[in-house]
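*Asks:* Data: protein36.cif, mmCIF, C-alpha atoms.
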data_final
#
loop_
_atom_site.label_atom_id
_atom_site.label_comp_id
_atom_site.auth_asym_id
_atom_site.auth_seq_id
_atom_site.Cartn_x
_atom_site.Cartn_y
_atom_site.Cartn_z
CA MET I 1 67.17 84.46 95.21
CA ALA I 2 69.50 87.40 94.60
CA GLU I 3 69.51 88.80 91.08
CA LYS I 4 72.51 87.70 89.03
CA ARG I 5 75.07 90.29 88.09
CA ASP I 6 75.90 91.01 84.48
CA TYR I 7 78.66 88.64 83.32
CA TYR I 8 80.72 91.47 81.83
CA GLU I 9 80.50 93.30 85.15
CA VAL I 10 81.55 90.17 87.04
CA LEU I 11 84.76 89.89 84.97
CA GLY I 12 85.26 93.66 84.87
CA ILE I 13 85.47 93.85 81.08
CA PRO I 14 83.71 95.87 78.35
CA LYS I 15 81.04 94.23 76.19
CA ASP I 16 83.32 94.31 73.14
CA ALA I 17 86.16 92.51 74.98
CA GLY I 18 88.17 90.06 72.93
CA GLU I 19 88.99 86.43 73.76
CA ALA I 20 92.37 87.25 75.34
CA GLN I 21 90.87 90.00 77.50
CA ILE I 22 88.15 87.66 78.75
CA LYS I 23 90.68 84.96 79.56
CA ASN I 24 93.07 87.32 81.40
CA ALA I 25 90.24 88.81 83.47
CA TYR I 26 89.06 85.37 84.53
CA ARG I 27 92.60 84.16 85.27
CA LYS I 28 93.13 87.02 87.77
CA LEU I 29 89.82 86.43 89.54
CA ALA I 30 90.32 82.65 89.66
CA LYS I 31 93.71 83.05 91.31
CA LYS I 32 92.39 85.65 93.76
CA TYR I 33 89.33 83.73 94.94
CA HIS I 34 90.47 80.10 94.57
CA PRO I 35 89.42 78.20 97.75
CA ASP I 36 92.95 76.79 98.20
CA HIS I 37 94.01 80.38 98.92
CA ASN I 38 90.83 81.18 100.87
CA PRO I 39 90.02 78.11 102.99
CA ASP I 40 86.60 78.17 104.71
CA ASP I 41 85.78 81.52 103.07
CA ALA I 42 82.24 81.22 101.72
CA ASP I 43 82.35 84.69 100.17
CA ALA I 44 85.51 83.90 98.18
CA GLU I 45 84.01 80.59 97.01
CA ALA I 46 80.85 82.37 95.85
CA LYS I 47 82.90 84.94 93.88
CA PHE I 48 85.00 82.15 92.38
CA LYS I 49 81.87 80.35 91.19
CA GLU I 50 80.39 83.59 89.87
CA ALA I 51 83.52 84.40 87.85
CA SER I 52 83.73 80.83 86.52
CA GLU I 53 80.09 80.88 85.43
CA ALA I 54 80.65 84.18 83.63
CA TYR I 55 83.74 82.83 81.88
CA ALA I 56 81.96 79.61 80.87
CA ILE I 57 79.46 81.70 78.91
CA LEU I 58 81.56 84.55 77.55
CA SER I 59 84.42 82.31 76.40
CA ASP I 60 82.03 80.27 74.25
CA ALA I 61 81.18 82.21 71.07
CA GLU I 62 77.74 80.63 70.65
CA LYS I 63 76.73 80.98 74.30
CA ARG I 64 78.02 84.56 74.36
CA LYS I 65 75.86 85.34 71.34
CA GLN I 66 72.82 83.91 73.13
CA TYR I 67 73.64 85.84 76.32
CA ASP I 68 74.10 89.13 74.45
CA ARG I 69 70.66 88.64 72.91
CA PHE I 70 68.59 87.17 75.75
CA GLY I 71 70.67 87.87 78.88
CA HIS I 72 70.41 85.38 81.78
CA ALA I 73 67.04 84.18 80.47
CA ALA I 74 68.88 82.26 77.74
CA PHE I 75 70.14 79.77 80.32
CA GLU I 76 67.27 79.50 82.78
CA ASN I 77 65.25 76.32 83.34
CA GLY I 78 68.17 74.13 82.32
CA GLY I 79 68.71 76.00 79.07
CA GLY I 80 72.47 75.79 79.28
CA GLY I 81 72.87 72.20 80.39
CA GLY I 82 73.99 70.61 83.65
CA GLY I 83 76.26 71.83 86.43
CA ALA I 84 75.83 74.87 88.67
CA GLY I 85 72.90 77.15 87.96
CA GLY I 86 71.93 75.26 84.79
CA PHE I 87 75.29 75.59 83.04
CA ASP I 88 77.43 72.96 81.38
CA PHE I 89 80.87 73.09 83.02
CA SER I 90 82.06 69.88 81.40
CA ASN I 91 84.87 71.68 79.57
CA MET I 92 85.91 73.95 82.42
CA GLY I 93 88.25 71.37 83.95
CA ASP I 94 90.34 71.45 80.77
CA ILE I 95 90.26 75.25 80.71
CA PHE I 96 91.31 75.33 84.34
CA SER I 97 94.19 72.97 83.60
CA GLU I 98 95.28 75.25 80.77
CA PHE I 99 95.39 78.21 83.15
CA PHE I 100 97.14 76.55 86.07
CA GLY I 101 99.04 73.59 84.64
CA GLY I 102 96.43 70.98 85.59
CA GLY I 103 96.84 71.40 89.33
CA PHE I 104 96.41 74.91 90.72
CA GLY I 105 96.96 74.82 94.45
CA ALA I 106 96.03 71.51 95.96
CA SER I 107 93.42 70.07 93.68
CA GLY I 108 93.29 71.47 90.15
CA ALA I 109 90.64 70.68 87.60
CA GLY I 110 89.25 67.65 89.46
CA TRP I 111 88.49 69.89 92.40
CA PHE I 112 86.89 72.45 90.06
CA ASN I 113 84.44 69.95 88.65
CA ASP I 114 83.61 68.53 92.08
CA MET I 115 82.86 72.04 93.29
CA PHE I 116 80.38 72.76 90.52
CA GLY I 117 78.89 69.29 90.36
CA GLY I 118 79.88 69.02 86.69
CA GLY I 119 80.39 65.95 84.60
CA GLY I 120 84.19 65.97 84.69
CA GLY I 121 84.70 65.72 88.44
CA ARG I 122 86.18 62.99 90.58
CA ARG I 123 83.00 60.95 90.61
CA GLY I 124 82.26 61.63 86.96
CA ALA I 125 85.63 60.27 85.88
CA ALA I 126 84.45 56.72 86.65
CA ASN I 127 87.46 54.43 86.10
CA ALA I 128 89.99 57.23 85.58
CA ALA I 129 92.76 57.55 88.15
CA MET I 130 92.10 60.59 90.34
CA ARG I 131 94.25 62.38 92.89
CA GLY I 132 93.24 62.04 96.54
CA ASP I 133 91.92 64.82 98.74
CA ASP I 134 94.19 67.16 100.66
CA VAL I 135 94.04 67.02 104.44
CA ARG I 136 94.21 70.27 106.43
CA VAL I 137 95.34 70.46 110.06
CA SER I 138 96.87 73.19 112.22
CA THR I 139 99.46 73.54 114.96
CA ARG I 140 100.67 76.28 117.30
CA ILE I 141 104.27 77.38 117.81
CA THR I 142 106.05 80.23 119.60
CA MET I 143 107.95 83.10 117.98
CA ASP I 144 111.20 81.59 119.23
CA GLU I 145 110.32 78.31 117.52
CA ALA I 146 109.44 80.21 114.35
CA PHE I 147 112.89 81.83 114.45
CA LEU I 148 114.79 78.57 114.89
CA GLY I 149 112.48 76.14 113.11
CA VAL I 150 110.94 73.23 114.98
CA THR I 151 109.73 69.66 114.54
CA LYS I 152 106.23 69.05 115.91
CA GLN I 153 104.82 65.61 116.57
CA MET I 154 101.16 65.57 115.58
CA ARG I 155 98.43 62.96 115.49
CA ILE I 156 96.72 63.23 112.11
CA ASN I 157 93.32 61.85 111.14
CA LEU I 158 93.45 60.53 107.56
CA LYS I 159 91.83 58.11 105.17
CA ASP I 160 93.57 54.96 103.97
CA THR I 161 92.78 52.36 101.32
CA CYS I 162 90.64 49.64 102.86
CA ALA I 163 92.83 46.55 103.37
CA THR I 164 89.84 44.21 103.38
CA CYS I 165 88.60 45.03 99.87
CA GLY I 166 91.73 46.68 98.46
CA GLY I 167 89.77 49.86 97.75
CA ALA I 168 87.17 48.15 95.56
CA GLY I 169 84.37 48.73 98.08
CA ALA I 170 82.90 45.26 97.50
CA LYS I 171 82.71 42.42 100.00
CA PRO I 172 85.67 40.00 99.61
CA GLY I 173 84.76 37.26 97.15
CA THR I 174 82.47 39.56 95.19
CA THR I 175 83.18 42.08 92.45
CA PRO I 176 81.40 45.29 91.50
CA GLU I 177 79.37 45.19 88.32
CA LYS I 178 79.60 47.69 85.50
CA CYS I 179 76.75 50.16 85.72
CA ALA I 180 74.24 49.36 82.98
CA LYS I 181 72.75 52.84 82.86
CA CYS I 182 76.01 54.65 81.99
CA ASP I 183 77.90 51.63 80.63
CA GLY I 184 80.62 52.17 83.21
CA THR I 185 81.44 55.74 82.20
CA GLY I 186 79.92 57.38 85.27
CA GLN I 187 78.11 59.90 83.04
CA VAL I 188 74.84 60.00 81.18
CA VAL I 189 73.38 62.39 78.61
CA PHE I 190 70.42 64.51 79.67
CA THR I 191 68.07 66.16 77.19
CA GLN I 192 66.21 69.26 78.38
CA GLN I 193 63.79 71.69 76.82
CA SER I 194 64.73 75.40 76.81
CA ILE I 195 63.62 78.58 75.09
CA LEU I 196 66.31 77.82 72.51
CA GLY I 197 65.04 74.32 71.86
CA MET I 198 66.21 70.91 73.06
CA MET I 199 69.58 71.05 74.84
CA ARG I 200 71.81 68.06 75.59
CA SER I 201 74.28 67.95 78.45
CA MET I 202 76.41 65.46 80.36
CA GLY I 203 75.73 64.73 84.02
CA THR I 204 76.61 62.28 86.79
CA CYS I 205 74.91 58.91 86.51
CA PRO I 206 72.15 58.71 89.18
CA ASP I 207 72.51 54.92 89.57
CA CYS I 208 76.25 54.62 90.28
CA HIS I 209 76.81 58.24 91.39
CA GLY I 210 79.61 58.64 88.88
CA THR I 211 81.67 55.59 89.88
CA GLY I 212 80.72 53.53 86.83
CA LYS I 213 80.18 50.53 89.15
CA ILE I 214 77.30 48.99 91.07
CA ILE I 215 78.21 47.26 94.35
CA HIS I 216 75.60 44.73 95.40
CA GLU I 217 77.44 43.47 98.49
CA LYS I 218 79.44 46.22 100.24
CA CYS I 219 82.65 45.64 102.15
CA PRO I 220 81.81 45.33 105.88
CA ASP I 221 84.81 47.46 106.91
CA CYS I 222 84.58 50.45 104.56
CA HIS I 223 80.84 50.14 103.77
CA GLY I 224 81.49 50.39 100.04
CA ASN I 225 83.67 53.54 100.18
CA GLY I 226 86.95 51.76 99.52
CA GLN I 227 88.61 53.87 102.23
CA VAL I 228 88.72 53.74 106.04
CA SER I 229 89.56 56.35 108.67
CA ILE I 230 92.92 56.06 110.42
CA SER I 231 94.98 58.11 112.85
CA LYS I 232 98.76 58.21 112.92
CA ASN I 233 101.60 60.13 114.54
CA MET I 234 103.71 62.26 112.23
CA ASN I 235 106.76 64.47 112.74
CA ILE I 236 106.14 67.79 110.98
CA ASP I 237 109.23 69.85 110.16
CA ILE I 238 108.32 73.55 110.35
CA PRO I 239 110.97 75.74 108.68
CA ALA I 240 112.66 78.71 110.32
CA GLY I 241 111.09 82.06 109.44
CA ILE I 242 107.53 80.82 108.98
CA ASP I 243 104.89 83.45 109.75
CA ASN I 244 101.49 83.27 111.40
CA GLY I 245 98.84 82.00 108.97
CA GLN I 246 101.27 80.30 106.60
CA TYR I 247 101.22 76.54 106.08
CA VAL I 248 103.58 73.66 105.40
CA ARG I 249 102.68 71.39 102.47
CA ILE I 250 103.79 67.75 102.74
CA GLN I 251 103.30 66.12 99.37
CA GLY I 252 101.74 62.67 99.18
CA GLU I 253 100.66 62.52 102.84
CA GLY I 254 96.98 63.29 102.31
CA ASN I 255 94.11 60.93 101.56
CA PRO I 256 94.53 58.10 99.03
CA GLY I 257 93.57 58.58 95.40
CA TYR I 258 90.78 56.92 93.46
CA ASN I 259 91.29 54.10 90.96
CA GLY I 260 95.02 54.01 91.60
CA GLY I 261 95.49 57.80 91.59
CA PRO I 262 98.17 59.46 93.76
CA LYS I 263 97.60 60.63 97.30
CA GLY I 264 96.69 64.21 98.11
CA ASP I 265 98.86 66.45 100.26
CA LEU I 266 98.91 67.25 103.96
CA LEU I 267 98.58 71.00 104.66
CA VAL I 268 99.68 72.07 108.13
CA GLY I 269 98.53 75.59 109.04
CA VAL I 270 100.82 77.36 111.50
CA ASN I 271 99.64 79.71 114.26
CA VAL I 272 102.56 81.67 115.74
CA VAL I 273 102.14 82.89 119.33
CA ASN I 274 104.39 85.85 120.10
CA ASN I 275 106.23 85.10 123.35
CA THR I 276 108.86 87.81 122.78
CA GLU I 277 109.23 91.58 123.18
CA PHE I 278 109.46 91.99 119.42
CA GLU I 279 106.77 92.97 116.96
CA ARG I 280 106.96 91.23 113.61
CA ASP I 281 106.51 92.86 110.21
CA GLY I 282 107.17 90.25 107.53
CA TYR I 283 110.76 89.20 108.07
CA ASP I 284 111.61 92.38 110.02
CA LEU I 285 111.40 92.77 113.80
CA LEU I 286 110.63 95.94 115.75
CA LYS I 287 111.10 96.90 119.40
CA PRO I 288 111.46 100.04 121.55
CA LEU I 289 114.89 100.82 123.05
CA LEU I 290 115.06 102.87 126.25
CA ILE I 291 118.19 105.00 126.56
CA SER I 292 119.17 107.44 129.28
CA TYR I 293 119.11 111.20 128.77
CA PRO I 294 122.91 111.53 129.07
CA ARG I 295 123.42 108.67 126.58
CA ALA I 296 121.11 110.40 124.09
CA VAL I 297 123.06 113.63 124.49
CA LEU I 298 126.58 112.25 124.60
CA GLY I 299 126.15 109.09 122.53
CA GLY I 300 127.91 105.82 123.25
CA GLU I 301 127.36 102.08 123.32
CA VAL I 302 124.32 100.39 124.84
CA ARG I 303 123.41 96.71 125.10
CA VAL I 304 120.55 95.62 122.86
CA LYS I 305 118.71 92.32 123.19
CA THR I 306 118.01 90.77 119.80
CA ILE I 307 116.02 87.60 119.12
CA ASP I 308 119.25 85.57 119.13
CA GLY I 309 121.32 87.28 121.84
CA GLU I 310 122.73 90.63 122.98
CA ILE I 311 124.76 93.02 120.86
CA LEU I 312 126.35 96.44 121.41
CA TYR I 313 124.76 99.35 119.59
CA SER I 314 126.44 102.73 119.27
CA VAL I 315 123.99 105.57 119.95
CA LYS I 316 124.74 108.72 117.99
CA PRO I 317 125.29 111.93 120.06
CA GLY I 318 122.23 114.16 120.11
CA SER I 319 119.74 111.35 119.37
CA VAL I 320 116.09 112.39 119.57
CA SER I 321 113.30 110.35 121.14
CA GLY I 322 111.18 108.64 118.47
CA THR I 323 114.10 108.08 116.09
CA ARG I 324 113.99 104.69 114.34
CA VAL I 325 117.30 102.99 113.61
CA ARG I 326 117.97 99.79 111.67
CA ILE I 327 120.26 96.92 112.58
CA LYS I 328 120.76 94.85 109.45
CA GLY I 329 120.42 91.08 109.48
CA LYS I 330 118.91 90.77 112.96
CA GLY I 331 115.35 89.97 111.93
CA MET I 332 113.69 86.64 111.06
CA PRO I 333 115.28 84.17 108.63
CA LEU I 334 113.76 83.86 105.16
CA VAL I 335 111.78 80.63 104.79
CA HIS I 336 113.30 79.70 101.42
CA ASN I 337 116.75 81.06 102.24
CA PRO I 338 117.42 80.77 106.01
CA LYS I 339 120.95 82.15 105.62
CA SER I 340 119.40 85.53 104.81
CA ARG I 341 117.50 87.48 107.44
CA GLY I 342 115.32 90.54 107.77
CA ASP I 343 116.34 93.56 109.86
CA LEU I 344 115.75 94.72 113.42
CA TYR I 345 114.31 98.22 113.85
CA LEU I 346 114.78 100.05 117.16
CA ASP I 347 112.54 102.95 118.19
CA LEU I 348 114.64 105.11 120.54
CA ILE I 349 112.84 106.29 123.66
CA ILE I 350 114.74 108.70 125.89
CA GLU I 351 114.13 108.28 129.60
CA VAL I 352 113.79 111.66 131.30
CA PRO I 353 114.57 111.26 135.01
CA LYS I 354 111.77 112.25 137.38
CA LYS I 355 113.87 112.26 140.55
CA LEU I 356 117.37 113.70 140.80
CA THR I 357 119.91 113.86 143.60
CA LYS I 358 121.22 117.20 144.77
CA GLU I 359 124.45 116.65 142.87
CA GLN I 360 122.60 115.79 139.68
CA LYS I 361 120.43 118.90 139.93
CA GLU I 362 123.49 121.09 140.49
CA ALA I 363 125.19 119.52 137.47
CA LEU I 364 122.18 120.26 135.27
CA GLU I 365 121.90 123.80 136.56
CA ALA I 366 125.58 124.34 135.89
CA TYR I 367 125.02 123.08 132.35
CA ASP I 368 122.05 125.43 131.99
CA MET I 369 124.22 128.35 133.05
CA THR I 370 126.57 127.64 130.16
CA LEU I 371 123.84 128.09 127.56
CA THR I 372 123.79 131.36 125.65
CA GLY I 373 120.84 133.73 125.85
CA GLU I 374 119.72 132.68 122.39
CA GLU I 375 119.77 129.00 123.39
CA LYS I 376 117.77 129.76 126.53
CA LEU I 377 115.22 131.66 124.47
CA LYS I 378 114.82 128.72 122.11
CA ASN I 379 114.35 126.35 125.06
CA LYS I 380 111.73 128.68 126.52
CA GLU I 381 109.84 128.81 123.22
CA LYS I 382 109.89 125.02 122.99
CA LYS I 383 108.41 124.73 126.48
CA GLU I 384 105.67 127.23 125.67
CA LYS I 385 104.75 125.37 122.47
CA LYS I 386 104.47 122.11 124.41
CA LYS I 387 102.11 123.77 126.93
CA LYS I 388 99.87 124.93 124.09
#
Show me, as structure tokens, the structure contained in the file I just sent.
*Replies:*
Amino acid sequence: MAEKRDYYEVLGIPKDAGEAQIKNAYRKLAKKYHPDHNPDDADAEAKFKEASEAYAILSDAEKRKQYDRFGHAAFENGGGGGGAGGFDFSNMGDIFSEFFGGGFGASGAGWFNDMFGGGGGRRGAANAAMRGDDVRVSTRITMDEAFLGVTKQMRINLKDTCATCGGAGAKPGTTPEKCAKCDGTGQVVFTQQSILGMMRSMGTCPDCHGTGKIIHEKCPDCHGNGQVSISKNMNIDIPAGIDNGQYVRIQGEGNPGYNGGPKGDLLVGVNVVNNTEFERDGYDLLKPLLISYPRAVLGGEVRVKTIDGEILYSVKPGSVSGTRVRIKGKGMPLVHNPKSRGDLYLDLIIEVPKKLTKEQKEALEAYDMTLTGEEKLKNKEKKEKKKK
């Protein structure tokens, strides 16, 4: 097992940090590494747990005093109670709610306790109403669809409350019994010996697994879970301006809650396939624009294809290849304000003709004859520099 890092190092704070400094450091790390913002990222989840463990100790005056004296040894062998790594996270759900309003991202404090296996999680709440799980799916759209917005019909796999038992999990005609071991609370008190003496902590009841109920005869359709798997067609409205990797949240369309709790949300991740000649940078679009040598010299209007049609752009006389120009309001629409748009940036590329007619050569030579000696010298120096 890898050696644990110092808790002060984990939070990036000095050893004399005050309560506010500890809380602010943890708040920043929790937001950065929260799994709702880093789905399927094991590294982010590990850092989130590490920061939460550090905060659980350093935010508690007594535990901090023990840690400062004995280090990690103070909480080994169950010394600090239940939860992850021998720590009691029973109060972390409340702390997490304080930080993020009781529901950071998709799942809030209930998710936090489930993650750490603490006593205040979804299972540990026994008869308390708990929010359902979020459901994550993904879809693919084109850049053109991202510009206009699109409705996608998708078949979504979800959970639904079992109609046979009404979510109770028990066979019709029977009722679950209150768990005798935890008296229906879903939690029991554990007493453990540590180097600091006997320590008491709350944990999930091993008999009812935190439900507070014992089902002797399970429902034949849901097998005691209270929920069944379903699949249904849904029309997903994807807003104009959405970018690759972003998602659409549809509230209340996730899995059903527990004990009468509300449904979770449906999160639709969007993968945008670029089927256009434009490169995207946030809400701005970029593309090269080829212009002829005479047009670069003389200036004048050229036709430019934008993502929503052609426009006329006036090239300035004497334009140089590699110049970037901006056309305002011709980028992607803003997701939360589709009437506003980003900009289109054109990288001017001057086409130098490789083959010329006799007349064209004579015209260029005649132009060259009009140049002064000083201008010819400058042109010669430029050519020599390019050769080097």
*Asks:* When distances are computed from only C-alpha atoms, which of I:Ala20, I:Val228, I:Leu158, I:Val10 shows the smallest separation from Phe48 in chain I?
*Replies:* I:Val10
*Asks:* Skipping near chain neighbours, those fewer than 6 positions away, what residues fall within 10 Å of range 353-361 of chain I using all atoms listed in the file, listed as a VMD selection string?
*Replies:* chain I and resid 292 to 293 367
*Asks:* Please evaluate the PyMOL selection byres ((chain I and resi 237) around 12) against the displayed coordinates and give the resulting residues as a list in words.
*Replies:*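 In the shown coordinates, the PyMOL selection byres ((chain I and resi 237) around 12) covers Thr139, Ile141, Glu145, Ala146, Leu148, Gly149, Val150, Thr151, Lys152, Gln153, Met154, Met234, Asn235, Ile236, Ile238, Pro239, Ala240, Ile242, Tyr247, Val248, Arg249, Ile250, Val268 and Val270 of chain I.
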*Asks:* Using the chain letters and numbering of this document, enumerate as a compact mmCIF listing (two decimals) with C-alpha atoms, in the coordinates of the input the residues selected by the PyMOL selection byres ((chain I and resi 58) around 12).
*Replies:*
# COMPACT_ATOMS: atom_id res chain seq x y z
CA ASP I 6 75.90 91.01 84.48
CA TYR I 7 78.66 88.64 83.32
CA TYR I 8 80.72 91.47 81.83
CA GLU I 9 80.50 93.30 85.15
CA VAL I 10 81.55 90.17 87.04
CA LEU I 11 84.76 89.89 84.97
CA ILE I 13 85.47 93.85 81.08
CA PRO I 14 83.71 95.87 78.35
CA LYS I 15 81.04 94.23 76.19
CA ASP I 16 83.32 94.31 73.14
CA ALA I 17 86.16 92.51 74.98
CA GLY I 18 88.17 90.06 72.93
CA GLU I 19 88.99 86.43 73.76
CA ALA I 20 92.37 87.25 75.34
CA GLN I 21 90.87 90.00 77.50
CA ILE I 22 88.15 87.66 78.75
CA LYS I 23 90.68 84.96 79.56
CA ALA I 25 90.24 88.81 83.47
CA TYR I 26 89.06 85.37 84.53
CA ALA I 51 83.52 84.40 87.85
CA SER I 52 83.73 80.83 86.52
CA GLU I 53 80.09 80.88 85.43
CA ALA I 54 80.65 84.18 83.63
CA TYR I 55 83.74 82.83 81.88
CA ALA I 56 81.96 79.61 80.87
CA ILE I 57 79.46 81.70 78.91
CA SER I 59 84.42 82.31 76.40
CA ASP I 60 82.03 80.27 74.25
CA ALA I 61 81.18 82.21 71.07
CA GLU I 62 77.74 80.63 70.65
CA LYS I 63 76.73 80.98 74.30
CA ARG I 64 78.02 84.56 74.36
CA LYS I 65 75.86 85.34 71.34
CA GLN I 66 72.82 83.91 73.13
CA TYR I 67 73.64 85.84 76.32
CA ASP I 68 74.10 89.13 74.45
CA GLY I 71 70.67 87.87 78.88
CA HIS I 72 70.41 85.38 81.78
*Asks:* What's around range 126-137 of chain I at 6 Å? Count only C-alpha atoms, leave out sequence neighbours fewer than 5 positions away in its own chain, and write the answer as a PyMOL selection string.
*Replies:* chain I and resi 185-186+210-212+254-268
*Asks:* Just give me the gap between CA of Glu277 in chain I and CA of Asn244 in chain I in Å, one decimal is fine.
*Replies:* 16.4 Å
*Asks:* May I ask which of the residues I:Met202, I:Tyr33, I:Lys382, I:Thr276 is the closest one to Ala46 in chain I, counting only C-alpha atoms?
*Replies:*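 Ranking I:Met202, I:Tyr33, I:Lys382, I:Thr276 by distance to Ala46 in chain I, first place goes to I:Tyr33.
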*Asks:* Mind filling out range 310-325 of chain I with N, CA and C atoms and sending it as a JSON list (two decimals), keeping the file's coordinate frame?
*Replies:*
[["chain", "number", "residue", "atom", "x", "y", "z"],
["I", 310, "GLU", "N", 122.45, 89.20, 122.81],
["I", 310, "GLU", "CA", 122.73, 90.63, 122.98],
["I", 310, "GLU", "C", 123.83, 91.10, 122.05],
["I", 311, "ILE", "N", 123.73, 92.38, 121.66],
["I", 311, "ILE", "CA", 124.76, 93.02, 120.86],
["I", 311, "ILE", "C", 124.99, 94.42, 121.43],
["I", 312, "LEU", "N", 126.09, 95.06, 121.03],
["I", 312, "LEU", "CA", 126.35, 96.44, 121.41],
["I", 312, "LEU", "C", 125.94, 97.36, 120.26],
["I", 313, "TYR", "N", 125.17, 98.37, 120.59],
["I", 313, "TYR", "CA", 124.76, 99.35, 119.59],
["I", 313, "TYR", "C", 125.29, 100.72, 119.98],
["I", 314, "SER", "N", 125.86, 101.42, 119.01],
["I", 314, "SER", "CA", 126.44, 102.73, 119.27],
["I", 314, "SER", "C", 125.41, 103.82, 118.99],
["I", 315, "VAL", "N", 124.95, 104.47, 120.08],
["I", 315, "VAL", "CA", 123.99, 105.57, 119.95],
["I", 315, "VAL", "C", 124.71, 106.83, 119.48],
["I", 316, "LYS", "N", 124.14, 107.49, 118.50],
["I", 316, "LYS", "CA", 124.74, 108.72, 117.99],
["I", 316, "LYS", "C", 124.50, 109.88, 118.96],
["I", 317, "PRO", "N", 125.48, 110.76, 119.18],
["I", 317, "PRO", "CA", 125.29, 111.93, 120.06],
["I", 317, "PRO", "C", 124.14, 112.79, 119.54],
["I", 318, "GLY", "N", 123.34, 113.29, 120.47],
["I", 318, "GLY", "CA", 122.23, 114.16, 120.11],
["I", 318, "GLY", "C", 121.03, 113.42, 119.56],
["I", 319, "SER", "N", 120.89, 112.13, 119.86],
["I", 319, "SER", "CA", 119.74, 111.35, 119.37],
["I", 319, "SER", "C", 118.44, 111.88, 119.97],
["I", 320, "VAL", "N", 117.39, 111.87, 119.17],
["I", 320, "VAL", "CA", 116.09, 112.39, 119.57],
["I", 320, "VAL", "C", 115.12, 111.24, 119.81],
["I", 321, "SER", "N", 114.29, 111.39, 120.84],
["I", 321, "SER", "CA", 113.30, 110.35, 121.14],
["I", 321, "SER", "C", 112.36, 110.18, 119.95],
["I", 322, "GLY", "N", 112.05, 108.94, 119.61],
["I", 322, "GLY", "CA", 111.18, 108.64, 118.47],
["I", 322, "GLY", "C", 111.94, 108.29, 117.22],
["I", 323, "THR", "N", 113.28, 108.44, 117.25],
["I", 323, "THR", "CA", 114.10, 108.08, 116.09],
["I", 323, "THR", "C", 114.08, 106.57, 115.89],
["I", 324, "ARG", "N", 113.94, 106.13, 114.65],
["I", 324, "ARG", "CA", 113.99, 104.69, 114.34],
["I", 324, "ARG", "C", 115.31, 104.38, 113.65],
["I", 325, "VAL", "N", 116.01, 103.39, 114.19],
["I", 325, "VAL", "CA", 117.30, 102.99, 113.61],
["I", 325, "VAL", "C", 117.21, 101.53, 113.19]]
